[in-house]
Amino acid sequence: MIRLGLCCIFHSQPISFRRATAKYLLAKARKERLRSLAEICRHNALALEQALHYCQAHGIGAFRINSQILPLKTHPQAGYDMKDLPGGEAIVAIFRRCGAFGRRHGIRMTFHPDQFIVLNSPDPQVVERSVADLRYHAEVAQWVHADVINLHAGGVYGDKQSALARLRANIDRLPASVRRRLTLENDDRSYTPSDLLPVCRATGIPLVYDVHHHRCLPDGLSVQHITATALATWQREPLFHVSSPLNGWTGGDCRPHHDYIDPGDFPREWRKLSLTVEVEAKAKELAVQRLAAALFNDR
DNA sequence: AGCGGTCAAGTTGAT
DNA sequence: ATCAACTTGACCGCT
């Protein structure tokens with residue numbers, strides 16, 4: 001019933017994704033730069049395939065793909081199209097193979113773009129760059145059949161209602177490839193589930209309910225209530241997040257994530273539901289496996 | 001081989 | 001004013 005998801009990277013398994021910096025790449029001539037990027041992109045496509053095989057073999061039902069899977073894809077100077085990369089078509093073919101594998105084995109794929117992607121910024125250029133990056137996410141999502149591109153609401157800028165209105169307006173302007181995958185997640189600093197649910201209802205965008213963020217930044221409503229309300233925003237299998245606090249719940253900053261999930265932090269209300277829960281824990285695949293054991297074997 | 005400095009981007013809040 | 005934190009270390013270049 002519950003599908004646990006692994007986020008982006010591995011703790012112990014020797015599967016890793018490569019990255020690149022603009023500074024390093026821009027010191028090279030264009031041809032050499034594209035050759036270098038192609039090598040990294042190809043490596044990452046193959047690493048994704050390995051990751052999916054690992055998930056399939058270990059009963060992990062979802063995998064979050066790092067936004068840097070195609071590094072610097074929309075960078076103003078170093079950005080590129082796949083057709084510019086030597087062997088670009090073959091790289092795309094690997095991603096499509098990942099998509100077929102995920103579909104065949106029921107492994108859900110998601111994205112959670114970086115903090116720089118802000119749809120409600122008062123600066124139109126920030127929004128424009130964000131949309132460009134979301135288009136890139138949607139392009140990869142289409143290859144791999146990822147159905148979620150999950151974002152936080154963004155900044156408050158001193159006026160939450162105006163910020164939410166801008167968010168809503170900009171969601172309405174998104175291209176369909178982004179919009180049909182877009183989800184909103186409550187954060188641990190500014191936007192609670194109660195803040196976001198009206199936007200979700202108005203736009204038809206599902207809410208990714210992060211119960212850890214909700215506990216760090218409460219809105220007076222219960223886990224049970226928000227669970228039910230968030231479920232209603234989904235026309236497909238819902239996606240929620242869970243973590244445990246590194247410093248515990250009493251005293252100190254509750255936001256940093258622990259290596260593992262305390263099974264007591266996993267909401268009782270979720271246990272009988274059909275949903276995906278992404279496990280945000282530093283021990284990565286080890287944390288997913290330990291939580292799975294606690295939830296499914298331990299009775 | 002190991003380690004230190006650095007890395008595109010936005011926003012917030014602690015210092 | 002500066003800076004770490006965020007979903008997350010990985011990379012190059014020096015010794």
# chains A, B, ... in the order shown; residues from 1 in each chain; ligands from 1
call {"tool": "closest_atom_pairs", "arguments": {"of": "chain A", "to": "chain B", "cutoff": "10 Å", "atoms": "only C-alpha atoms (C1' of nucleotides)", "output": "Markdown table"}}
result
| residue | atom | partner | partner_atom | distance |
| --- | --- | --- | --- | --- |
| A:Ala20 | CA | B:DC7 | C1' | 8.7 |
| A:Thr21 | CA | B:DC7 | C1' | 6.1 |
| A:Ala22 | CA | B:DA8 | C1' | 7.3 |
| A:Lys23 | CA | B:DC7 | C1' | 8.0 |
| A:Tyr24 | CA | B:DC7 | C1' | 9.5 |
| A:Leu72 | CA | B:DA8 | C1' | 7.9 |
| A:Thr74 | CA | B:DA8 | C1' | 9.4 |
| A:His75 | CA | B:DA8 | C1' | 6.6 |
| A:Pro76 | CA | B:DA8 | C1' | 8.4 |
| A:Gln77 | CA | B:DA8 | C1' | 9.6 |
| A:Ala78 | CA | B:DA8 | C1' | 9.6 |
| A:Asp114 | CA | B:DA9 | C1' | 9.0 |
| A:Gln115 | CA | B:DG10 | C1' | 6.6 |
| A:Phe116 | CA | B:DG10 | C1' | 4.9 |
| A:Ile117 | CA | B:DG10 | C1' | 7.6 |
| A:Val118 | CA | B:DG10 | C1' | 7.2 |
| A:Ser121 | CA | B:DG10 | C1' | 8.7 |
| A:Val126 | CA | B:DG10 | C1' | 8.3 |
| A:Arg129 | CA | B:DA9 | C1' | 8.6 |
| A:Ser130 | CA | B:DA9 | C1' | 9.1 |
| A:Gly154 | CA | B:DT11 | C1' | 7.6 |
| A:Gly155 | CA | B:DT11 | C1' | 5.8 |
| A:Val156 | CA | B:DT11 | C1' | 8.6 |
| A:Tyr157 | CA | B:DT11 | C1' | 8.7 |
| A:Arg189 | CA | B:DT12 | C1' | 7.8 |
| A:Ser190 | CA | B:DT12 | C1' | 8.8 |
call {"tool": "interface_residues", "arguments": {"of": "chain A", "to": "chain C", "cutoff": "10 Å", "atoms": "only C-alpha atoms (C1' of nucleotides)", "output": "MDAnalysis selection string"}}
result
chainID A and resid 7:9 16:21 24 64 66:67 111:115 255:256 280 282
call {"tool": "closest_residue", "arguments": {"among": "A:His152, A:Arg179, A:Arg168, A:His105", "to": "Val208 (chain A)", "atoms": "only C-alpha atoms"}}
result
A:His152
call {"tool": "select_by_dssp", "arguments": {"residues": "region 94-148 of chain A", "states": "alpha helix (DSSP H)", "output": "ChimeraX atom specification"}}
result
/A:94-105,124-144
call {"tool": "atom_distance", "arguments": {"atom1": "CA of Pro124 (chain A)", "atom2": "CA of Arg166 (chain A)"}}
result
10.6 Å
